[in-house]
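A.B. asks: Structure file input_16.cif, mmCIF, C-alpha atoms and all ligand atoms, is pasted below:
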data_data
#
loop_
_atom_site.label_atom_id
_atom_site.label_comp_id
_atom_site.auth_asym_id
_atom_site.auth_seq_id
_atom_site.Cartn_x
_atom_site.Cartn_y
_atom_site.Cartn_z
CA MET Y 958 -12.02 4.22 -0.94
CA CYS Y 959 -11.04 1.42 -3.23
CA GLY Y 960 -9.27 -1.93 -3.07
CA ILE Y 961 -6.41 -3.66 -1.25
CA MET Y 962 -4.99 -7.12 -1.82
CA GLY Y 963 -2.11 -8.88 -0.07
CA TYR Y 964 -0.47 -12.29 -0.27
CA VAL Y 965 2.08 -14.35 1.73
CA GLY Y 966 2.65 -17.96 0.69
CA PRO Y 967 4.37 -20.36 -1.70
CA GLN Y 968 2.97 -18.91 -4.95
CA GLN Y 969 4.36 -15.98 -6.92
CA ALA Y 970 2.61 -13.00 -5.32
CA ALA Y 971 2.17 -10.65 -8.30
CA PRO Y 972 -0.23 -12.83 -10.40
CA VAL Y 973 -2.30 -13.69 -7.29
CA ILE Y 974 -2.56 -10.01 -6.36
CA LEU Y 975 -3.34 -8.94 -9.94
CA ASP Y 976 -6.18 -11.47 -10.04
CA GLY Y 977 -7.49 -10.17 -6.70
CA LEU Y 978 -7.35 -6.56 -7.90
CA ARG Y 979 -9.38 -7.53 -11.00
CA ARG Y 980 -12.02 -9.00 -8.69
CA LEU Y 981 -12.17 -5.66 -6.85
CA GLU Y 982 -12.64 -3.64 -10.08
CA TYR Y 983 -16.39 -3.35 -9.42
CA ARG Y 984 -15.53 -0.87 -6.61
CA GLY Y 985 -14.22 1.63 -9.20
CA TYR Y 986 -10.65 2.97 -9.37
CA ASP Y 987 -8.36 5.35 -11.26
CA SER Y 988 -4.98 3.60 -10.90
CA ALA Y 989 -3.44 0.40 -9.61
CA GLY Y 990 -0.13 -0.88 -8.28
CA ILE Y 991 1.72 -3.81 -6.75
CA ALA Y 992 4.83 -4.14 -4.54
CA VAL Y 993 6.71 -7.38 -3.90
CA THR Y 994 9.56 -8.08 -1.46
CA ASN Y 995 12.32 -10.33 -2.63
CA GLY Y 996 15.41 -9.22 -0.71
CA HIS Y 997 14.39 -5.67 -1.55
CA ILE Y 998 11.10 -3.98 -2.41
CA ASP Y 999 10.06 -3.52 -6.04
CA VAL Y 1000 7.05 -1.45 -7.04
CA ARG Y 1001 5.07 -1.27 -10.30
CA LYS Y 1002 2.16 1.14 -10.64
CA ALA Y 1003 0.15 2.78 -13.37
CA GLU Y 1004 -2.69 5.24 -13.80
CA GLY Y 1005 -5.75 3.88 -15.57
CA LYS Y 1006 -7.03 0.38 -16.11
CA ILE Y 1007 -5.54 -2.69 -14.44
CA GLU Y 1008 -4.59 -3.82 -17.98
CA ARG Y 1009 -1.96 -1.03 -18.04
CA LEU Y 1010 -0.47 -2.44 -14.82
CA SER Y 1011 -0.68 -5.94 -16.28
CA SER Y 1012 1.26 -4.87 -19.43
CA LEU Y 1013 3.84 -3.14 -17.25
CA LEU Y 1014 4.26 -6.38 -15.26
CA ASP Y 1015 4.67 -8.31 -18.54
CA ARG Y 1016 7.52 -5.95 -19.51
CA GLU Y 1017 9.00 -5.67 -16.00
CA PRO Y 1018 7.94 -8.75 -13.97
CA LEU Y 1019 7.96 -8.84 -10.16
CA LYS Y 1020 9.43 -11.94 -8.54
CA GLY Y 1021 8.68 -12.92 -4.94
CA SER Y 1022 6.07 -14.63 -2.84
CA VAL Y 1023 5.14 -11.76 -0.50
CA GLY Y 1024 3.32 -8.76 -1.90
CA ILE Y 1025 0.67 -6.09 -1.62
CA GLY Y 1026 -1.55 -4.42 -4.20
CA HIS Y 1027 -3.95 -1.50 -4.49
CA THR Y 1028 -6.60 0.05 -6.64
CA ARG Y 1029 -6.93 3.76 -5.93
CA TRP Y 1030 -9.85 6.13 -5.91
CA ALA Y 1031 -8.08 9.47 -5.49
CA THR Y 1032 -9.05 11.71 -2.60
CA HIS Y 1033 -5.78 13.69 -2.20
CA GLY Y 1034 -3.81 14.34 -5.38
CA GLU Y 1035 -4.90 13.77 -8.98
CA PRO Y 1036 -5.00 10.31 -10.54
CA SER Y 1037 -1.45 9.74 -11.88
CA ASP Y 1038 1.38 7.21 -11.94
CA VAL Y 1039 3.19 9.08 -9.14
CA ASN Y 1040 0.12 9.30 -6.88
CA ALA Y 1041 -0.82 5.65 -7.45
CA HIS Y 1042 -0.09 3.31 -4.53
CA PRO Y 1043 2.07 1.57 -3.22
CA HIS Y 1044 4.03 4.42 -1.63
CA THR Y 1045 7.48 4.09 -0.08
CA ASP Y 1046 9.49 6.02 2.50
CA PRO Y 1047 12.51 7.95 1.13
CA SER Y 1048 14.85 4.94 1.68
CA GLY Y 1049 12.53 2.59 -0.22
CA ALA Y 1050 12.75 0.06 2.63
CA PHE Y 1051 9.11 0.51 3.72
CA VAL Y 1052 6.08 0.34 1.45
CA VAL Y 1053 2.38 0.92 2.11
CA VAL Y 1054 -0.99 0.69 0.45
CA HIS Y 1055 -3.84 2.64 2.01
CA ASN Y 1056 -7.57 2.93 1.53
CA GLY Y 1057 -9.37 5.82 3.20
CA ILE Y 1058 -8.43 9.33 4.27
CA ILE Y 1059 -5.88 10.57 6.84
CA GLU Y 1060 -7.66 13.68 8.12
CA ASN Y 1061 -4.59 15.24 9.82
CA PHE Y 1062 -2.12 14.48 7.02
CA LEU Y 1063 -1.20 18.14 6.40
CA THR Y 1064 -0.06 18.64 10.00
CA LEU Y 1065 1.81 15.33 9.95
CA ARG Y 1066 3.44 16.12 6.58
CA GLU Y 1067 4.54 19.58 7.74
CA SER Y 1068 6.25 18.20 10.84
CA LEU Y 1069 7.95 15.48 8.78
CA GLN Y 1070 9.09 18.14 6.27
CA GLU Y 1071 10.57 20.15 9.15
CA GLU Y 1072 12.60 17.02 10.00
CA GLY Y 1073 13.90 16.98 6.40
CA HIS Y 1074 11.53 14.53 4.70
CA ASP Y 1075 10.88 15.06 0.96
CA PHE Y 1076 7.61 13.78 -0.48
CA THR Y 1077 7.21 12.45 -3.99
CA SER Y 1078 3.39 12.35 -4.20
CA ASP Y 1079 0.45 14.61 -3.34
CA THR Y 1080 -1.36 11.87 -1.42
CA ASP Y 1081 -2.29 11.76 2.24
CA SER Y 1082 -1.18 8.10 2.19
CA GLU Y 1083 2.56 8.67 1.57
CA ILE Y 1084 2.98 10.14 5.08
CA LEU Y 1085 2.13 6.69 6.48
CA ALA Y 1086 5.22 5.15 4.83
CA HIS Y 1087 7.38 7.98 6.22
CA LEU Y 1088 5.82 7.66 9.70
CA VAL Y 1089 6.36 3.88 9.86
CA ALA Y 1090 10.01 4.34 8.77
CA THR Y 1091 10.51 7.03 11.41
CA GLU Y 1092 8.98 4.85 14.13
CA TYR Y 1093 10.89 1.67 13.15
CA ASP Y 1094 13.35 0.32 15.71
CA GLY Y 1095 13.47 -3.34 14.72
CA ASP Y 1096 9.79 -4.32 15.14
CA LEU Y 1097 7.53 -3.57 12.15
CA GLU Y 1098 4.27 -4.30 13.96
CA ALA Y 1099 5.18 -1.96 16.83
CA ALA Y 1100 6.22 0.74 14.32
CA VAL Y 1101 2.87 0.47 12.51
CA ARG Y 1102 0.99 0.68 15.83
CA ARG Y 1103 2.88 3.87 16.76
CA ALA Y 1104 2.41 5.36 13.27
CA VAL Y 1105 -1.35 4.84 13.15
CA ALA Y 1106 -1.70 6.20 16.69
CA LYS Y 1107 -0.70 9.57 15.15
CA ALA Y 1108 -3.13 9.30 12.22
CA GLU Y 1109 -6.75 10.45 12.41
CA GLY Y 1110 -9.37 9.23 10.00
CA ALA Y 1111 -10.53 6.04 8.34
CA TYR Y 1112 -8.08 3.56 6.92
CA ALA Y 1113 -7.18 0.11 5.85
CA LEU Y 1114 -3.39 0.12 5.79
CA VAL Y 1115 -1.04 -2.65 4.70
CA VAL Y 1116 2.72 -2.37 5.24
CA MET Y 1117 5.81 -4.37 4.20
CA SER Y 1118 9.47 -3.76 4.94
CA GLU Y 1119 12.61 -5.23 3.44
CA HIS Y 1120 13.95 -5.32 7.03
CA GLU Y 1121 11.38 -8.05 7.84
CA PRO Y 1122 10.91 -10.09 4.65
CA GLY Y 1123 8.11 -12.65 4.73
CA LYS Y 1124 5.88 -10.42 6.84
CA ILE Y 1125 2.94 -8.13 6.07
CA VAL Y 1126 1.42 -5.94 8.78
CA ALA Y 1127 -2.19 -4.84 8.28
CA VAL Y 1128 -4.41 -2.54 10.31
CA ARG Y 1129 -7.89 -1.22 9.75
CA ARG Y 1130 -10.11 1.44 11.28
CA ILE Y 1131 -13.61 1.83 9.80
CA SER Y 1132 -12.46 0.86 6.26
CA PRO Y 1133 -12.93 -2.86 5.47
CA LEU Y 1134 -10.12 -5.44 5.31
CA ILE Y 1135 -10.48 -9.23 5.37
CA VAL Y 1136 -7.85 -11.85 6.26
CA GLY Y 1137 -8.12 -15.18 4.39
CA LEU Y 1138 -6.27 -18.14 5.89
CA GLY Y 1139 -5.26 -20.81 3.39
CA ASP Y 1140 -3.12 -23.93 3.71
CA GLY Y 1141 0.35 -22.45 4.23
CA GLU Y 1142 -0.71 -19.12 2.72
CA THR Y 1143 -2.50 -15.98 3.87
CA TYR Y 1144 -4.50 -13.45 1.89
CA LEU Y 1145 -5.66 -9.92 2.62
CA ALA Y 1146 -8.46 -8.25 0.69
CA SER Y 1147 -10.93 -5.41 0.92
CA ASP Y 1148 -13.80 -7.68 -0.01
CA ILE Y 1149 -14.76 -11.36 -0.30
CA PRO Y 1150 -14.64 -11.73 -4.14
CA ALA Y 1151 -10.87 -11.08 -4.07
N1 LIG U 1 -6.59 8.90 0.23
C1 LIG U 1 -5.76 8.04 -0.54
C2 LIG U 1 -5.36 8.67 -1.85
O1 LIG U 1 -5.94 9.62 -2.29
C3 LIG U 1 -6.37 6.66 -0.75
C4 LIG U 1 -7.56 6.64 -1.65
C5 LIG U 1 -8.21 5.25 -1.74
O2 LIG U 1 -8.84 4.83 -0.76
O3 LIG U 1 -8.08 4.61 -2.79
O4 LIG U 1 -4.42 8.24 -2.47
#
Please express what this file holds, its structure, as structure tokens.
C.D. replies:
Amino acid sequence: MCGIMGYVGPQQAAPVILDGLRRLEYRGYDSAGIAVTNGHIDVRKAEGKIERLSSLLDREPLKGSVGIGHTRWATHGEPSDVNAHPHTDPSGAFVVVHNGIIENFLTLRESLQEEGHDFTSDTDSEILAHLVATEYDGDLEAAVRRAVAKAEGAYALVVMSEHEPGKIVAVRRISPLIVGLGDGETYLASDIPA
């Protein structure tokens, strides 16, 4: 279990999230990543220190004021760029970051594979992006509720979709997640320092 950070507001999201992820470094991690929505979803992620992600963002900046970020402590799948969060569904329209473990992910992944889903990572978390996409019928919050109803285990899960720009849906069970209300802006974080 590691760190999550989210931001909706007037500022550019990526620097705010990067700063929050640095403040969660004390929790330990093996990789880090950020996704921002700005008409469509863009993801940057890198194995190793947050500085690698920071250099990647210098080379390939993310523009937009709604975003989510993650520091990963691998439980399913080795530490790598591909297994780093955020994870998307096959269309790229839904993106998730997840802390915790989805205990029944193998069963869920097998049934999604039978429906034709291809997976790009070895993580338990990627199935959550696929499940939310499958459940989506125009209401992201309802889709997330239905997706997590199928998932067993502990999680803090944060979801964005390019179908509903300006919105982040977050849900937690056992794993920590804090909502910070600012003046015209909202933050999500795994812990108070962020
Ligand atoms: N189980 C997930 C993974 O291995 C999330 C790990 C975490 O909490 O950082 O990718």
A.B. asks: Name each residue within 6 Å of ligand LIG 1 (chain U), counting only C-alpha atoms and all ligand atoms, as a PyMOL selection string.
C.D. replies: chain Y and resi 958-959+1029-1033+1055-1058+1080-1082
A.B. asks: Which residues of segment 1016-1065 of chain Y sit at most 7 Å from segment 971-995 of chain Y, using only C-alpha atoms? Give each one's shortest atom pair and distance in Å (one decimal place), in chain and ascending residue order, as CSV.
C.D. replies:
residue,atom,partner,partner_atom,distance
Y:Leu1019,CA,Y:Ala971,CA,6.3
Y:Lys1020,CA,Y:Asn995,CA,6.8
Y:Gly1021,CA,Y:Asn995,CA,5.0
Y:Val1023,CA,Y:Val993,CA,5.8
Y:Gly1024,CA,Y:Val993,CA,4.2
Y:Ile1025,CA,Y:Ala992,CA,5.4
Y:Gly1026,CA,Y:Ile991,CA,4.2
Y:His1027,CA,Y:Gly990,CA,5.4
Y:Thr1028,CA,Y:Ala989,CA,4.4
Y:Arg1029,CA,Y:Tyr986,CA,5.1
Y:Trp1030,CA,Y:Tyr986,CA,4.8
Y:Pro1036,CA,Y:Asp987,CA,6.0
Y:Ala1041,CA,Y:Ser988,CA,5.8
Y:His1042,CA,Y:Gly990,CA,5.6
Y:Pro1043,CA,Y:Gly990,CA,6.0
A.B. asks: With distances taken over only C-alpha atoms, which of Y:Ala1099, Y:Leu1134, Y:Ala1108, Y:Val1039 is nearest to Leu1063 of chain Y?
C.D. replies: Y:Ala1108
A.B. asks: Please compute the atom CA of Ser1068 of chain Y-atom CA of Arg1103 of chain Y distance, one decimal, in Å.
C.D. replies: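 It comes out at 15.9 Å.
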A.B. asks: By how many Å are atom CA of Ala1146 of chain Y and atom CA of Met1117 of chain Y apart?
C.D. replies: 15.2 Å
A.B. asks: Could segment 1084-1115 of chain Y be completed with N, CA and C atoms and returned as a PDB file, keeping the file's coordinate frame?
C.D. replies:
ATOM      1  N   ILE Y1084       2.454   9.839   3.733  1.00  0.00           N
ATOM      2  CA  ILE Y1084       2.980  10.140   5.080  1.00  0.00           C
ATOM      3  C   ILE Y1084       3.019   8.883   5.944  1.00  0.00           C
ATOM      4  N   LEU Y1085       2.153   7.915   5.659  1.00  0.00           N
ATOM      5  CA  LEU Y1085       2.130   6.690   6.480  1.00  0.00           C
ATOM      6  C   LEU Y1085       3.420   5.892   6.295  1.00  0.00           C
ATOM      7  N   ALA Y1086       3.947   5.844   5.070  1.00  0.00           N
ATOM      8  CA  ALA Y1086       5.220   5.150   4.830  1.00  0.00           C
ATOM      9  C   ALA Y1086       6.350   5.857   5.584  1.00  0.00           C
ATOM     10  N   HIS Y1087       6.341   7.209   5.527  1.00  0.00           N
ATOM     11  CA  HIS Y1087       7.380   7.980   6.220  1.00  0.00           C
ATOM     12  C   HIS Y1087       7.268   7.787   7.736  1.00  0.00           C
ATOM     13  N   LEU Y1088       6.018   7.803   8.254  1.00  0.00           N
ATOM     14  CA  LEU Y1088       5.820   7.660   9.700  1.00  0.00           C
ATOM     15  C   LEU Y1088       6.289   6.290  10.193  1.00  0.00           C
ATOM     16  N   VAL Y1089       5.948   5.228   9.443  1.00  0.00           N
ATOM     17  CA  VAL Y1089       6.360   3.880   9.860  1.00  0.00           C
ATOM     18  C   VAL Y1089       7.887   3.799   9.864  1.00  0.00           C
ATOM     19  N   ALA Y1090       8.538   4.364   8.839  1.00  0.00           N
ATOM     20  CA  ALA Y1090      10.010   4.340   8.770  1.00  0.00           C
ATOM     21  C   ALA Y1090      10.609   5.083   9.960  1.00  0.00           C
ATOM     22  N   THR Y1091      10.008   6.228  10.292  1.00  0.00           N
ATOM     23  CA  THR Y1091      10.510   7.030  11.410  1.00  0.00           C
ATOM     24  C   THR Y1091      10.375   6.289  12.735  1.00  0.00           C
ATOM     25  N   GLU Y1092       9.270   5.558  12.872  1.00  0.00           N
ATOM     26  CA  GLU Y1092       8.980   4.850  14.130  1.00  0.00           C
ATOM     27  C   GLU Y1092       9.731   3.523  14.245  1.00  0.00           C
ATOM     28  N   TYR Y1093      10.332   3.032  13.155  1.00  0.00           N
ATOM     29  CA  TYR Y1093      10.890   1.670  13.150  1.00  0.00           C
ATOM     30  C   TYR Y1093      12.160   1.563  13.998  1.00  0.00           C
ATOM     31  N   ASP Y1094      12.135   0.582  14.930  1.00  0.00           N
ATOM     32  CA  ASP Y1094      13.350   0.320  15.710  1.00  0.00           C
ATOM     33  C   ASP Y1094      13.608  -1.185  15.795  1.00  0.00           C
ATOM     34  N   GLY Y1095      13.201  -1.912  14.739  1.00  0.00           N
ATOM     35  CA  GLY Y1095      13.470  -3.340  14.720  1.00  0.00           C
ATOM     36  C   GLY Y1095      12.221  -4.196  14.839  1.00  0.00           C
ATOM     37  N   ASP Y1096      11.044  -3.569  15.000  1.00  0.00           N
ATOM     38  CA  ASP Y1096       9.790  -4.320  15.140  1.00  0.00           C
ATOM     39  C   ASP Y1096       8.729  -3.628  14.283  1.00  0.00           C
ATOM     40  N   LEU Y1097       8.428  -4.228  13.110  1.00  0.00           N
ATOM     41  CA  LEU Y1097       7.530  -3.570  12.150  1.00  0.00           C
ATOM     42  C   LEU Y1097       6.125  -3.383  12.734  1.00  0.00           C
ATOM     43  N   GLU Y1098       5.629  -4.418  13.417  1.00  0.00           N
ATOM     44  CA  GLU Y1098       4.270  -4.300  13.960  1.00  0.00           C
ATOM     45  C   GLU Y1098       4.188  -3.149  14.974  1.00  0.00           C
ATOM     46  N   ALA Y1099       5.183  -3.049  15.839  1.00  0.00           N
ATOM     47  CA  ALA Y1099       5.180  -1.960  16.830  1.00  0.00           C
ATOM     48  C   ALA Y1099       5.276  -0.611  16.135  1.00  0.00           C
ATOM     49  N   ALA Y1100       6.074  -0.524  15.060  1.00  0.00           N
ATOM     50  CA  ALA Y1100       6.220   0.740  14.320  1.00  0.00           C
ATOM     51  C   ALA Y1100       4.887   1.150  13.686  1.00  0.00           C
ATOM     52  N   VAL Y1101       4.165   0.164  13.133  1.00  0.00           N
ATOM     53  CA  VAL Y1101       2.870   0.470  12.510  1.00  0.00           C
ATOM     54  C   VAL Y1101       1.879   0.927  13.582  1.00  0.00           C
ATOM     55  N   ARG Y1102       1.884   0.263  14.733  1.00  0.00           N
ATOM     56  CA  ARG Y1102       0.990   0.680  15.830  1.00  0.00           C
ATOM     57  C   ARG Y1102       1.262   2.134  16.222  1.00  0.00           C
ATOM     58  N   ARG Y1103       2.549   2.495  16.350  1.00  0.00           N
ATOM     59  CA  ARG Y1103       2.880   3.870  16.760  1.00  0.00           C
ATOM     60  C   ARG Y1103       2.510   4.857  15.657  1.00  0.00           C
ATOM     61  N   ALA Y1104       2.726   4.462  14.395  1.00  0.00           N
ATOM     62  CA  ALA Y1104       2.410   5.360  13.270  1.00  0.00           C
ATOM     63  C   ALA Y1104       0.918   5.647  13.206  1.00  0.00           C
ATOM     64  N   VAL Y1105       0.091   4.596  13.282  1.00  0.00           N
ATOM     65  CA  VAL Y1105      -1.350   4.840  13.150  1.00  0.00           C
ATOM     66  C   VAL Y1105      -1.927   5.553  14.371  1.00  0.00           C
ATOM     67  N   ALA Y1106      -1.238   5.461  15.505  1.00  0.00           N
ATOM     68  CA  ALA Y1106      -1.700   6.200  16.690  1.00  0.00           C
ATOM     69  C   ALA Y1106      -1.655   7.709  16.429  1.00  0.00           C
ATOM     70  N   LYS Y1107      -0.811   8.133  15.480  1.00  0.00           N
ATOM     71  CA  LYS Y1107      -0.700   9.570  15.150  1.00  0.00           C
ATOM     72  C   LYS Y1107      -1.694   9.982  14.067  1.00  0.00           C
ATOM     73  N   ALA Y1108      -2.285   9.002  13.384  1.00  0.00           N
ATOM     74  CA  ALA Y1108      -3.130   9.300  12.220  1.00  0.00           C
ATOM     75  C   ALA Y1108      -4.603   9.321  12.610  1.00  0.00           C
ATOM     76  N   GLU Y1109      -5.305  10.382  12.177  1.00  0.00           N
ATOM     77  CA  GLU Y1109      -6.750  10.450  12.410  1.00  0.00           C
ATOM     78  C   GLU Y1109      -7.466  10.164  11.112  1.00  0.00           C
ATOM     79  N   GLY Y1110      -8.589   9.472  11.207  1.00  0.00           N
ATOM     80  CA  GLY Y1110      -9.370   9.230  10.000  1.00  0.00           C
ATOM     81  C   GLY Y1110      -9.742   7.770   9.861  1.00  0.00           C
ATOM     82  N   ALA Y1111     -10.125   7.416   8.636  1.00  0.00           N
ATOM     83  CA  ALA Y1111     -10.530   6.040   8.340  1.00  0.00           C
ATOM     84  C   ALA Y1111      -9.458   5.422   7.467  1.00  0.00           C
ATOM     85  N   TYR Y1112      -9.114   4.160   7.764  1.00  0.00           N
ATOM     86  CA  TYR Y1112      -8.080   3.560   6.920  1.00  0.00           C
ATOM     87  C   TYR Y1112      -8.109   2.045   6.980  1.00  0.00           C
ATOM     88  N   ALA Y1113      -7.719   1.459   5.872  1.00  0.00           N
ATOM     89  CA  ALA Y1113      -7.180   0.110   5.850  1.00  0.00           C
ATOM     90  C   ALA Y1113      -5.763   0.321   5.340  1.00  0.00           C
ATOM     91  N   LEU Y1114      -4.787  -0.145   6.101  1.00  0.00           N
ATOM     92  CA  LEU Y1114      -3.390   0.120   5.790  1.00  0.00           C
ATOM     93  C   LEU Y1114      -2.622  -1.192   5.819  1.00  0.00           C
ATOM     94  N   VAL Y1115      -1.827  -1.424   4.771  1.00  0.00           N
ATOM     95  CA  VAL Y1115      -1.040  -2.650   4.700  1.00  0.00           C
ATOM     96  C   VAL Y1115       0.415  -2.251   4.435  1.00  0.00           C
TER      97      VAL Y1115
END
